[in-house]
Structures are given as C-alpha cells and as structure tokens.
2 protein chains.
Amino acid sequence: MSVTTPAGFRAAGTTAGLKPSGRPDVALVVNDGPDRHAAAVFTTNRVEAAPVTWSRQVVSDGRADVVVLNSGCANACTGPEGFEDTHRTAEHVAEVLGVSSGDVVVCSTGMIGERLPMERLLAGTDAAASALAADGGAAAAESIMTTDTHPKEAVRHGEGWSVGGMAKGAGMLAPALATMLVVLTTDAVTTPADLDAALREACRLTFDRVDSDACMSTNDTVVLLASGASGVRASREDLTLLVHEVSADLARQLVGDAEGAQHDVEVEVVGAASEDDAVDVARTISRSALFKCAIFGGDPNWGRIVSAVGTTSAEFDPRALDVTINGVQVCRATGVGEDRSRVDLSGRHVHVVVDLHAGDASGTVWTNDLTHDYVHENSAYST
Amino acid sequence: MSVTTPAGFRAAGTTAGLKPSGRPDVALVVNDGPDRHAAAVFTTNRVEAAPVTWSRQVVSDGRADVVVLNSGCANACTGPEGFEDTHRTAEHVAEVLGVSSGDVVVCSTGMIGERLPMERLLAGTDAAASALAADGGAAAAESIMTTDTHPKEAVRHGEGWSVGGMAKGAGMLAPALATMLVVLTTDAVTTPADLDAALREACRLTFDRVDSDACMSTNDTVVLLASGASGVRASREDLTLLVHEVSADLARQLVGDAEGAQHDVEVEVVGAASEDDAVDVARTISRSALFKCAIFGGDPNWGRIVSAVGTTSAEFDPRALDVTINGVQVCRATGVGEDRSRVDLSGRHVHVVVDLHAGDASGTVWTNDLTHDYVHENSAYST
C-alpha cells in the first residue's frame with residue numbers, strides 16, 4: 001500500500017514503453033484531499049533537471065494535487081525543450097485529472113541528455129489515470145524503479161493517522177548514487193509549515209546521511225503530501241517523528257539495495273565536538289574508496305579509516321583516535337588495539353565506531369562497500 | 001641513473017627482508033656536497049606517520065645530508081615507539097655515514113599500524129651504505145616500489161647542471177592512492193630559499209594535480225636535495241622550470257601505473273573565472289566514481305561529468321557548459337552536442353575538456369578510471 005495507506009490518496013503504475021526492459025515506468029500519486037498541503041526537498045546540484053526546476057516552483061506555495069513520475073529518462077541537460085516537455089506533461093495530467101497544472105509535481109529518472117518520448121509518456125499517464133486506485137501504492141512503487149532490484153515502501157501508524165512512502169534509487173539526496181525519488185503521504189491534519197519542518201528534519205537525518213558513492217544526481221526529489229483525510233490533527237512533533245521513521249526505513253532500504261553492494265556500512269562517529277564534526281568525519285570515511293574496497297575484501301583495515309579521519313578539519317587529537325569494527329576495538333589511541341583477526345565481516349551489516357575524544361556529539365552516515373559489481377553495473381549501464 | 005645523474009650524489013638499494021615478496025626494500029640517497037641544501041613537502045593528513053614528523057623537523061633548517069627510505073612498512077599509527085624507531089634509524093644511518101642524525105630524512109611506506117622490524121631494517125641500511133655508488137639511482141628507485149609495476153625515474157638537463165628524480169606510489173601528495181615518495185636531486189648551485197620555492201611550485205602544478213582515488217596517505221613525502229657539485233649557479237626561474245619538468249614526468253608515470261587503472265584521464269577545465277575554480281571543478285570530476293566507471297566501460301557519459309560540475313561552487317552558468325571528450329564535443333550548452341558514438345575511448349589516454357564560459361583561467365587534474373582491478377587490488381592487498 002505505502003503511499004496509498006493514508007486515507008485520501010490514490011495511485012497507479014503503468015508501462016508506457018520508456019524503458020528498453022519493458023517494465024513499468026510511469027506512476028501517478030493523487031491527493032484527493034480535503035487538504036492538498038505539500039512540501040519538498042530537491043537536489044542541491046546546480047545542474048538540475050527540468051522536472052526539478054518545474055516542481056520547485058509547484059510546491060513553493062505549499063500545495064500539490066498530483067505527483068507524476070517516470071523512469072527511463074531523466075529529462076536532464078535537455079535545454080528549454082526539455083523544460084517544455086515537463087510543462088506539457090504537467091498540463092496533460094492536469095487536464096485529465098481536472099486540476100491545475102501548477103499543482104502537478106513532475107519527477108523523472110533515467111539517462112541524462114536524452115529527450116522524453118512524449119507521445120508514449122502522455123499515453124502512459126492516460127493509462128495510469130484510468131488505473132488510479134486506493135490500493136495502487138505497490139504498482140506506483142514498482143514503476144519508479146531503475147537499477148533497484150525491488151520496490152521500496154514503508155508505512156508507520158499514528159493515533160488514527162499514518163505516513164506512507166515509496167522510494168527508488170540506491171542513494172541519497174545529496175549526494176546520490178543514482179537519482180533518488182521519494183514520495184511520502186500522510187492523512188494527518190497539519191499545516192504547510194509543520195509539513196515542511198517535518199520533511200526537512202527527516203531528510204537531514206536520513207536521506208542526507210546515506211552516501212553510497214559521493215555522487216549527486218541532477219534529479220533527486222523528496223515530496224511529502226498531506227490530505228487531512230483522517231480528520232485527526234497531528235502535532236508538529238508527532239508528524240516529524242513518523243515522517244522521520246518512514247524516511248529512515250526507506251533510506252535503509254536504499255542502502256540495502258545499492259548498486260553492486262555486498263555490505264551495508266554504518267559509520268558512527270562519537271566523542272565529537274559537534275554534530276557537524278561527527279557527520280563530516282563519518283561522511284569522509286564513507287567516501288574513502290580504499291576503505292570501501294577493504295570492507296568488500298573482508299579486511300578490517302583501520303589504517304584506511306584513521307587516514308581518512310586525518311583529512312578532515314574536525315576537532316580531535318591525531319594521537320587519540322579509537323576505532324571499533326563490529327565490536328572489536330582494532331585501533332586504540334591511533335595505534336594497534338585488539339587483534340584485527342577477531343573482526344567478523346562475513347555478515348551484510350558492518351558497524352564502524354570512531355571515537356574522536358573531543359566532546360559529546362555524535363553522528364552516523366550509512367554507506368556501502370566498493371565491489372566488482374559496482375564497477376560492472378556503472379561501466380556497463382549508462383545512466 | 002635518475003637521482004644520481006646530478007653530480008655529488010650516491011645511492012643504493014638493498015633487500016632487508018621487510019616485504020613478504022623478498023624484493024628490494026631499503027634505499028639510501030646521499031648528498032656529498034659541497035652544498036647540502038634541502039627542501040621538502042609532506043602530506044597534509046593530520047594523522048601523519050612517524051617518519052613524516054621526524055623529517056619535517058630535519059629539513060626545517062634547509063639542510064639534509066641523507067635520505068633513507070624503506071618499503072614494506074609505513075611506521076604509521078605506531079605511537080611513541082614508532083617515532084623512536086624512526087629516530088633510531090636516523091641515528092644508525094648517521095653513525096654509519098658520519099653525519100648528524102638531524103640531517104637524515106626518513107621515508108617509509110607500506111602497511112599502517114605495524115612496527116618496523118628494526119634489526120632487519122638496520123642491517124639493510126648497513127648493506128645499502130656499503131653499496132652506495134655514483135650510479136646507484138636505479139637500484140634505489142627499485143627499492144621503494146610497493147604495488148608499482150615498474151620503477152619511476154626522470155632526468156632533465158640544464159646548462160651544465162641537471163635535475164634527477166625517483167618516485168613510488170600510484171598517487172599524489174594530497175590526496176593519494178598509495179603513499180607517494182619522491183626524491184629529487186640537483187647539482188645546481190642554488191639557495192635554500194630558491195630550492196624551497198622551486199619545489200613548492202612544482203608540487204602545486206604536478207603531484208598536487210594527480211588524483212587517482214581521492215585518498216590521502218599518512219606518509220607522502222617529496223624531498224629535493226641540492227649538492228652544488230656542478231659549480232653552475234641556476235636562477236630560481238631555471239631551477240623551478242627543471243624541477244617542474246622532472247616532477248611532471250614522474251607524476252605522469254605515477255598516473256600511468258596507478259593500481260588497476262586502464263586509462264589515464266586528463267581532466268582539463270577552461271574558461272574558468274579563476275585557476276582555483278578550474279582545479280576545483282577538474283578535481284571534482286576526477287573524484288566521481290560514476291564518471292571513472294564510465295571511462296572504464298568505454299562510455300563517453302557526459303551526464304556524469306556535468307552532474308559532477310554542478311556539485312561545485314565554481315562560477316559558471318549551469319545552462320552554458322560544454323564538454324569535449326577526445327576531441328568530440330558531446331555536450332554543448334549543457335545539452336546534447338555531437339554524436340557520442342564518435343568518441344573513441346579505446347586508447348590509454350582520455351582527454352576531457354570542460355568549458356565553464358566564465359573567464360580565462362584553466363587547470364588540469366590527472367586521474368584514472370575505476371576498474372575491476374582497482375577493486376581487486378585494494379580489497380585483497382592490505383596497505
């Protein structure tokens with residue numbers, strides 16, 4: 001169900017023929033109200049795709065009625081013509097569904113530098129509009145997949161209301177492995193301001209802390225729609241909590257399905273002087289190709305971790321670093337600690353803890369190992 | 001000859017048994033004067049190895065008589081005991097050669113977090129001291145190799161004087177793939193100030209612009225020794241020119257022998273508002289795992305280039321980017337340009353030119369593709 005679990009939403013997914021694989025590639029999510037509040041967060045990449053430019057404007061007034069998504073083509077680096085294609089898509093969907101085109105969010109993912117096959121896309125949106133259903137969430141989630149091996153959905157329930165979501169793309173908001181598209185829905189009664197605050201806080205702590213390969217997409221979009229259909233008012237605090245939980249769930253699913261990855265790596269930095277320091281150090285470790293290769297090789301190579309820490313400007317004493325990998329403190333005071341052969345890296349989950357001994361703040365970034373399959377998928381697949 | 005091509009230098013390389021492979025692992029380079037000027041540049045990693053801490057102090061007075069180098073062990077993250085090992089190495093070499101230990105530069109490369117086998121190392125330095133020869137440059141160059149597939153040497157001649165050099169490690173000063181160690185020598189008559197200026201300018205434009213995998217070593221060291229033995233005075237300008245040429249030659253050799261690489265990629269950014277902008281954009285492209293995988297796959301995927309450009313803070317209009325790959329302008333005004341199928345990526349050398357259309361400055365960074373062999377070497381080999 002996911003995006004259609006909260007009341008007031010319908011969704012659909014269809015095959016428009018945008019992808020060579022012939023798999024589903026167009027999705028619609030419709031908010032039937034009574035509220036049509038919307039908030040969104042977009043890629044910070046300055047080279048942004050046409051649908052990002054369009055959708056940024058759509059949600060600027062805090063309202064959106066429909067989200068139309070396609071896989072198979074990113075509509076990025078396509079110039080004024082590409083923007084016109086996005087505009088035309090929104091106009092078409094608006095007409096079919098009887099809403100204003102200015103309330104239609106558009107999301108695209110796929111190859112950069114290619115124009116959308118508009119006739120097929122518009123026919124696909126017609127088919128999707130005909131298929132809209134109150135249980136259409138699963139079909140929508142399947143239609144936005146690219147290199148994902150399975151759809152990603154999550155739901156959390158409050159007292160009489162809920163939050164649902166779907167995601168694609170094994171990455172993060174900034175940066176991203178592949179384009180990340182996320183649609184979140186809730187039937188809580190809320191305000192545009194609370195919705196925006198809840199989404200930003202959730203993104204900051206979840207999608208922004210996933211770093212598969214340090215690459216940022218031109219198309220990343222996370223949009224949150226509120227229908228108010230439950231009739232139950234949610235406090236900003238409760239709303240933030242549930243949106244955070246659904247986002248964290250989806251973010252974990254993204255890491256778990258990252259292209260070619262064999263390990264999910266939780267890099268936790270503790271004892272930091274500030275949260276910013278902790279996240280900076282965790283992100284730097286997460287981006288070390290040498291560290292990521294070592295994890296793939298089952299090698300608890302803490303030297304590659306401390307040498308990554310040393311490149312940051314975080315506050316710490318270079319002689320006082322501790323590193324624990326899966327419970328074994330392999331590095332103590334920047335020197336040899338417990339026997340590294342005791343570290344078991346055979347499981348999917350790897351937990352690295354770095355103690356900076358510089359304060360009480362902490363932060364975690366999730367990443368993946370760097371594998372033969374990553375290289376294979378990204379040298380063979382043009383996205 | 002390389003480091004022994006300039007007059008006034010002797011060198012040697014021997015096998016001390018520090019490496020499981022049983023290949024040569026200890027080298028000496030001795031400056032017999034009459035001058036003993038020295039300049040050096042070290043890693044900016046805050047977690048620096050003991051030999052870096054030691055050698056930084058040695059060259060602070062502008063003088064060094066000897067450089068002793070070992071492969072097989074980095075002596076990094078080894079605490080006060082590791083520093084004592086470096087100190088003892090310098091004392092031992094100083095005594096054998098009749099110089100002051102405060103004039104002995106020490107360089108180490110290999111595994112982090114392991115102590116040096118001191119008895120073997122010191123015996124190796126004795127053997128190297130006995131083997132010192134005016135044609136020992138090649139033996140020294142071979143002894144500092146780790147994952148290098150061949151020694152790296154370069155020589156350039158001025159009017160009656162010369163500059164020679166050797167290098168190991170497929171990387172750069174900051175950051176680095178593996179530890180980079182470089183010893184440069186000249187028999188020009190110069191001053192410590194000119195020597196320092198020449199080295200810093202050369203490093204800035206060569207070793208600092210190689211970025212194989214964005215990882216910075218704890219041990220990177222570039223040292224330049226001047227003997228004055230030619231009796232010919234070199235201007236700062238001429239000295240800088242030749243040191244730059246030798247450094248550029250060695251830097252290219254490092255890229256050409258990077259771990260697992262199949263392509264050498266020259267990322268040139270033109271039309272930048274400043275040289276800093278140009279280098280920032282070139283470095284960001286050089287660090288994109290997706291771009292590097294595409295090159296490995298023979299895919300002129302310009303979308304991955306412009307999306308990397310978009311993550312920088314350089315000055316440019318996101319709608320005005322041009323990208324040329326091996327002479328084919330595949331992206332024009334951030335849109336589709338010439339037919340990408342015309343790009344030939346079958347050769348070793350790949351030349352990417354990005355025009356920011358924001359000014360007259362330019363800059364180039366050299367990198368490599370991301371290959372199966374890179375993942376294999378760095379998941380199987382613990383360094």
# chains A, B, ... in the order shown; residues from 1 in each chain; ligands from 1
>>> interface_residues(of="chain A", to="chain B", cutoff="8 Å", atoms="only C-alpha atoms", output="ChimeraX atom specification")
/A:44-48,77-79,111-114,213-218,288-290,293-299,301,303,306-311,318-319,334-336,370-372,375-376,378-380,382-383
>>> atom_distance(atom1="CA of Leu241 (chain B)", atom2="CA of Thr4 (chain B)")
19.4 Å
>>> closest_residue(among="B:Glu119, B:Asp257, B:Asp220, B:Glu95", to="Val66 (chain B)", atoms="only C-alpha atoms")
B:Glu95
>>> residues_around(residues="region 267-273 of chain A", least_positions_apart="3", cutoff="12 Å", atoms="only C-alpha atoms", output="PyMOL selection string")
chain A and resi 209-212+264+276-288+291-292+305-306+309+313-317+320-326+349-369
>>> select_by_dssp(residues="region 95-330 of chain B", states="strand (DSSP E)", output="PyMOL selection string")
chain B and resi 104-109+152-157+162-168+181-186+221-226+264-272+322-325+328-330
>>> residues_around(residues="Thr146 (chain B)", least_positions_apart="4", cutoff="8 Å", atoms="only C-alpha atoms", output="ChimeraX atom specification")
/B:71-72,109-110,168-169
>>> residues_around(residues="region 149-156 of chain B", least_positions_apart="6", cutoff="10 Å", atoms="only C-alpha atoms", output="MDAnalysis selection string")
chainID B and resid 1:6 137:143 162:170 182:186 241:254 257:259
>>> write_last_selection(atoms="N, CA and C atoms", output="short mmCIF file (atom, residue, chain, number, x, y, z; two decimals), in the first residue's frame")
data_model
loop_
_atom_site.label_atom_id
_atom_site.label_comp_id
_atom_site.auth_asym_id
_atom_site.auth_seq_id
_atom_site.Cartn_x
_atom_site.Cartn_y
_atom_site.Cartn_z
N MET B 1 69.87 6.14 -13.89
CA MET B 1 70.69 7.00 -13.01
C MET B 1 69.77 7.85 -12.11
N SER B 2 68.92 8.62 -12.73
CA SER B 2 67.95 9.49 -12.04
C SER B 2 68.55 10.28 -10.87
N VAL B 3 68.34 9.85 -9.62
CA VAL B 3 68.81 10.69 -8.51
C VAL B 3 70.33 10.82 -8.47
N THR B 4 71.03 9.92 -9.16
CA THR B 4 72.50 10.02 -9.19
C THR B 4 73.01 10.63 -10.49
N THR B 5 72.12 11.08 -11.35
CA THR B 5 72.57 11.76 -12.57
C THR B 5 73.23 13.11 -12.23
N PRO B 6 72.64 13.94 -11.40
CA PRO B 6 73.34 15.16 -10.97
C PRO B 6 74.60 14.77 -10.17
N GLY B 137 71.32 5.10 -8.61
CA GLY B 137 69.97 5.63 -8.69
C GLY B 137 68.92 4.58 -9.04
N ALA B 138 69.23 3.74 -9.99
CA ALA B 138 68.25 2.74 -10.44
C ALA B 138 67.94 1.74 -9.34
N ALA B 139 68.97 1.32 -8.61
CA ALA B 139 68.75 0.36 -7.51
C ALA B 139 67.88 1.00 -6.42
N ALA B 140 68.13 2.27 -6.14
CA ALA B 140 67.31 2.97 -5.13
C ALA B 140 65.86 3.05 -5.58
N ALA B 141 65.65 3.40 -6.86
CA ALA B 141 64.29 3.55 -7.38
C ALA B 141 63.51 2.24 -7.29
N GLU B 142 64.21 1.13 -7.47
CA GLU B 142 63.55 -0.18 -7.41
C GLU B 142 63.19 -0.55 -5.97
N SER B 143 63.99 -0.09 -5.03
CA SER B 143 63.80 -0.49 -3.63
C SER B 143 62.62 0.19 -2.96
N SER B 162 71.87 19.55 -13.76
CA SER B 162 70.71 18.70 -14.06
C SER B 162 69.84 18.51 -12.82
N VAL B 163 68.66 17.96 -13.07
CA VAL B 163 67.75 17.57 -12.00
C VAL B 163 67.36 16.12 -12.26
N GLY B 164 67.44 15.29 -11.24
CA GLY B 164 67.03 13.90 -11.36
C GLY B 164 66.00 13.57 -10.31
N GLY B 165 65.27 12.49 -10.51
CA GLY B 165 64.26 12.14 -9.51
C GLY B 165 63.79 10.71 -9.61
N MET B 166 63.26 10.22 -8.50
CA MET B 166 62.62 8.90 -8.48
C MET B 166 61.35 9.01 -7.65
N ALA B 167 60.40 8.12 -7.93
CA ALA B 167 59.11 8.16 -7.24
C ALA B 167 58.56 6.77 -7.09
N LYS B 168 57.70 6.61 -6.10
CA LYS B 168 56.92 5.38 -5.95
C LYS B 168 55.50 5.75 -5.56
N GLY B 169 54.58 4.82 -5.84
CA GLY B 169 53.21 5.04 -5.36
C GLY B 169 52.37 5.68 -6.42
N ALA B 170 51.27 5.04 -6.70
CA ALA B 170 50.44 5.48 -7.80
C ALA B 170 49.48 6.55 -7.31
N VAL B 182 58.86 10.73 -3.16
CA VAL B 182 59.64 11.26 -4.28
C VAL B 182 60.94 11.85 -3.73
N VAL B 183 62.05 11.47 -4.35
CA VAL B 183 63.32 12.12 -4.03
C VAL B 183 63.83 12.78 -5.30
N LEU B 184 64.09 14.08 -5.23
CA LEU B 184 64.62 14.83 -6.36
C LEU B 184 66.01 15.34 -5.98
N THR B 185 66.90 15.38 -6.95
CA THR B 185 68.26 15.86 -6.69
C THR B 185 68.67 16.85 -7.77
N THR B 186 69.56 17.77 -7.41
CA THR B 186 70.14 18.65 -8.43
C THR B 186 71.56 19.00 -8.01
N LEU B 241 61.83 25.63 -13.40
CA LEU B 241 61.42 25.02 -14.66
C LEU B 241 61.82 23.54 -14.72
N LEU B 242 63.09 23.26 -14.40
CA LEU B 242 63.56 21.87 -14.50
C LEU B 242 62.95 20.97 -13.41
N VAL B 243 62.83 21.50 -12.20
CA VAL B 243 62.20 20.70 -11.13
C VAL B 243 60.75 20.41 -11.52
N HIS B 244 60.10 21.40 -12.11
CA HIS B 244 58.72 21.18 -12.58
C HIS B 244 58.67 20.10 -13.65
N GLU B 245 59.60 20.14 -14.58
CA GLU B 245 59.58 19.15 -15.67
C GLU B 245 59.81 17.73 -15.16
N VAL B 246 60.77 17.58 -14.25
CA VAL B 246 61.02 16.25 -13.69
C VAL B 246 59.81 15.80 -12.87
N SER B 247 59.22 16.71 -12.10
CA SER B 247 58.05 16.36 -11.29
C SER B 247 56.87 15.97 -12.17
N ALA B 248 56.67 16.72 -13.26
CA ALA B 248 55.56 16.42 -14.17
C ALA B 248 55.76 15.04 -14.81
N ASP B 249 57.00 14.75 -15.18
CA ASP B 249 57.32 13.45 -15.77
C ASP B 249 57.00 12.33 -14.77
N LEU B 250 57.46 12.49 -13.53
CA LEU B 250 57.21 11.47 -12.51
C LEU B 250 55.72 11.36 -12.20
N ALA B 251 55.03 12.50 -12.14
CA ALA B 251 53.59 12.48 -11.84
C ALA B 251 52.83 11.70 -12.92
N ARG B 252 53.21 11.92 -14.18
CA ARG B 252 52.58 11.18 -15.29
C ARG B 252 52.86 9.69 -15.17
N GLN B 253 54.09 9.35 -14.75
CA GLN B 253 54.41 7.94 -14.57
C GLN B 253 53.58 7.32 -13.45
N LEU B 254 53.34 8.10 -12.40
CA LEU B 254 52.51 7.61 -11.29
C LEU B 254 51.09 7.30 -11.78
N ASP B 257 50.80 4.22 -13.88
CA ASP B 257 50.99 2.95 -13.18
C ASP B 257 50.06 2.85 -11.97
N ALA B 258 48.97 3.60 -11.98
CA ALA B 258 48.04 3.56 -10.84
C ALA B 258 47.43 2.18 -10.73
N GLU B 259 47.15 1.80 -9.49
CA GLU B 259 46.65 0.45 -9.22
C GLU B 259 45.43 0.10 -10.06
#
>>> select_by_dssp(residues="region 258-345 of chain B", states="alpha helix (DSSP H)", output="list in words")
Glu275, Asp276, Asp277, Ala278, Val279, Asp280, Val281, Ala282, Arg283, Thr284, Ile285, Ser286, Ala289, Leu290, Phe291, Lys292, Cys293, Ala294, Ile295, Phe296, Trp302, Gly303, Arg304, Ile305, Val306, Ser307, Ala308 and Val309 of chain B
>>> decode(residues="region 40-72 of chain B", atoms="N, CA, C and O atoms", output="mmCIF file, in the first residue's frame")
data_model
loop_
_atom_site.group_PDB
_atom_site.id
_atom_site.type_symbol
_atom_site.label_atom_id
_atom_site.label_comp_id
_atom_site.auth_asym_id
_atom_site.auth_seq_id
_atom_site.Cartn_x
_atom_site.Cartn_y
_atom_site.Cartn_z
ATOM 1 N N ALA B 40 61.451 20.216 1.338
ATOM 2 C CA ALA B 40 60.539 19.068 1.312
ATOM 3 C C ALA B 40 59.093 19.514 1.472
ATOM 4 O O ALA B 40 58.813 20.577 2.030
ATOM 5 N N VAL B 41 58.207 18.706 0.939
ATOM 6 C CA VAL B 41 56.764 18.902 1.103
ATOM 7 C C VAL B 41 56.206 17.578 1.614
ATOM 8 O O VAL B 41 56.599 16.515 1.136
ATOM 9 N N PHE B 42 55.312 17.676 2.600
ATOM 10 C CA PHE B 42 54.787 16.460 3.230
ATOM 11 C C PHE B 42 53.266 16.387 3.109
ATOM 12 O O PHE B 42 52.604 17.372 2.801
ATOM 13 N N THR B 43 52.742 15.214 3.407
ATOM 14 C CA THR B 43 51.289 15.025 3.440
ATOM 15 C C THR B 43 50.640 16.068 4.348
ATOM 16 O O THR B 43 51.235 16.498 5.339
ATOM 17 N N THR B 44 49.429 16.467 3.993
ATOM 18 C CA THR B 44 48.688 17.362 4.880
ATOM 19 C C THR B 44 47.724 16.568 5.761
ATOM 20 O O THR B 44 46.920 17.144 6.490
ATOM 21 N N ASN B 45 47.822 15.239 5.686
ATOM 22 C CA ASN B 45 46.989 14.405 6.551
ATOM 23 C C ASN B 45 47.394 14.652 8.004
ATOM 24 O O ASN B 45 48.571 14.586 8.347
ATOM 25 N N ARG B 46 46.389 14.918 8.854
ATOM 26 C CA ARG B 46 46.705 15.219 10.255
ATOM 27 C C ARG B 46 47.142 13.971 11.006
ATOM 28 O O ARG B 46 47.784 14.068 12.060
ATOM 29 N N VAL B 47 46.751 12.806 10.487
ATOM 30 C CA VAL B 47 47.285 11.570 11.049
ATOM 31 C C VAL B 47 48.534 11.246 10.232
ATOM 32 O O VAL B 47 48.474 10.597 9.200
ATOM 33 N N GLU B 48 49.682 11.768 10.684
ATOM 34 C CA GLU B 48 50.897 11.585 9.897
ATOM 35 C C GLU B 48 51.779 10.526 10.536
ATOM 36 O O GLU B 48 51.784 10.333 11.756
ATOM 37 N N ALA B 49 52.527 9.839 9.686
ATOM 38 C CA ALA B 49 53.388 8.758 10.157
ATOM 39 C C ALA B 49 54.609 9.332 10.878
ATOM 40 O O ALA B 49 55.006 10.483 10.661
ATOM 41 N N ALA B 50 55.236 8.502 11.701
ATOM 42 C CA ALA B 50 56.411 8.924 12.470
ATOM 43 C C ALA B 50 57.521 9.503 11.581
ATOM 44 O O ALA B 50 58.091 10.547 11.910
ATOM 45 N N PRO B 51 57.852 8.862 10.451
ATOM 46 C CA PRO B 51 58.928 9.423 9.612
ATOM 47 C C PRO B 51 58.601 10.815 9.071
ATOM 48 O O PRO B 51 59.517 11.613 8.850
ATOM 49 N N VAL B 52 57.314 11.110 8.880
ATOM 50 C CA VAL B 52 56.941 12.455 8.412
ATOM 51 C C VAL B 52 57.197 13.475 9.527
ATOM 52 O O VAL B 52 57.775 14.541 9.300
ATOM 53 N N THR B 53 56.772 13.130 10.743
ATOM 54 C CA THR B 53 57.002 14.023 11.889
ATOM 55 C C THR B 53 58.500 14.289 12.048
ATOM 56 O O THR B 53 58.937 15.425 12.243
ATOM 57 N N TRP B 54 59.281 13.227 11.942
ATOM 58 C CA TRP B 54 60.735 13.343 12.073
ATOM 59 C C TRP B 54 61.330 14.205 10.948
ATOM 60 O O TRP B 54 62.085 15.148 11.199
ATOM 61 N N SER B 55 60.987 13.875 9.710
ATOM 62 C CA SER B 55 61.653 14.514 8.563
ATOM 63 C C SER B 55 61.259 15.976 8.416
ATOM 64 O O SER B 55 62.052 16.802 7.937
ATOM 65 N N ARG B 56 60.046 16.311 8.824
ATOM 66 C CA ARG B 56 59.601 17.701 8.803
ATOM 67 C C ARG B 56 60.576 18.561 9.629
ATOM 68 O O ARG B 56 60.947 19.664 9.229
ATOM 69 N N GLN B 57 60.978 18.003 10.760
ATOM 70 C CA GLN B 57 61.917 18.702 11.640
ATOM 71 C C GLN B 57 63.310 18.763 10.994
ATOM 72 O O GLN B 57 63.979 19.792 11.027
ATOM 73 N N VAL B 58 63.712 17.659 10.376
ATOM 74 C CA VAL B 58 65.056 17.579 9.769
ATOM 75 C C VAL B 58 65.269 18.672 8.728
ATOM 76 O O VAL B 58 66.302 19.345 8.726
ATOM 77 N N VAL B 59 64.296 18.861 7.859
ATOM 78 C CA VAL B 59 64.500 19.807 6.749
ATOM 79 C C VAL B 59 64.146 21.240 7.119
ATOM 80 O O VAL B 59 64.311 22.150 6.299
ATOM 81 N N SER B 60 63.674 21.444 8.355
ATOM 82 C CA SER B 60 63.225 22.796 8.733
ATOM 83 C C SER B 60 64.365 23.816 8.695
ATOM 84 O O SER B 60 64.132 25.011 8.556
ATOM 85 N N ASP B 61 65.615 23.347 8.776
ATOM 86 C CA ASP B 61 66.748 24.272 8.698
ATOM 87 C C ASP B 61 67.319 24.352 7.282
ATOM 88 O O ASP B 61 68.368 24.955 7.056
ATOM 89 N N GLY B 62 66.638 23.710 6.315
ATOM 90 C CA GLY B 62 67.083 23.810 4.922
ATOM 91 C C GLY B 62 68.255 22.906 4.574
ATOM 92 O O GLY B 62 68.833 23.040 3.493
ATOM 93 N N ARG B 63 68.593 21.983 5.465
ATOM 94 C CA ARG B 63 69.729 21.094 5.192
ATOM 95 C C ARG B 63 69.353 19.633 5.409
ATOM 96 O O ARG B 63 68.674 19.284 6.379
ATOM 97 N N ALA B 64 69.829 18.765 4.502
ATOM 98 C CA ALA B 64 69.753 17.315 4.710
ATOM 99 C C ALA B 64 70.916 16.681 3.973
ATOM 100 O O ALA B 64 71.246 17.082 2.853
ATOM 101 N N ASP B 65 71.547 15.691 4.612
ATOM 102 C CA ASP B 65 72.706 15.023 4.011
ATOM 103 C C ASP B 65 72.325 13.688 3.381
ATOM 104 O O ASP B 65 72.965 13.244 2.431
ATOM 105 N N VAL B 66 71.317 13.050 3.947
ATOM 106 C CA VAL B 66 70.974 11.679 3.544
ATOM 107 C C VAL B 66 69.461 11.505 3.572
ATOM 108 O O VAL B 66 68.782 12.091 4.415
ATOM 109 N N VAL B 67 68.946 10.702 2.644
ATOM 110 C CA VAL B 67 67.563 10.231 2.727
ATOM 111 C C VAL B 67 67.607 8.713 2.813
ATOM 112 O O VAL B 67 68.224 8.059 1.957
ATOM 113 N N VAL B 68 66.987 8.157 3.855
ATOM 114 C CA VAL B 68 66.869 6.700 3.953
ATOM 115 C C VAL B 68 65.392 6.357 3.787
ATOM 116 O O VAL B 68 64.525 6.982 4.406
ATOM 117 N N LEU B 69 65.126 5.394 2.912
ATOM 118 C CA LEU B 69 63.739 5.042 2.594
ATOM 119 C C LEU B 69 63.536 3.542 2.747
ATOM 120 O O LEU B 69 64.439 2.756 2.439
ATOM 121 N N ASN B 70 62.351 3.169 3.228
ATOM 122 C CA ASN B 70 62.022 1.735 3.227
ATOM 123 C C ASN B 70 60.613 1.502 2.723
ATOM 124 O O ASN B 70 59.716 2.323 2.946
ATOM 125 N N SER B 71 60.408 0.429 2.021
ATOM 126 C CA SER B 71 59.063 -0.052 1.697
ATOM 127 C C SER B 71 58.782 -1.237 2.616
ATOM 128 O O SER B 71 59.651 -1.673 3.365
ATOM 129 N N GLY B 72 57.540 -1.729 2.603
ATOM 130 C CA GLY B 72 57.201 -2.888 3.430
ATOM 131 C C GLY B 72 56.575 -2.556 4.770
ATOM 132 O O GLY B 72 55.976 -3.421 5.404
#
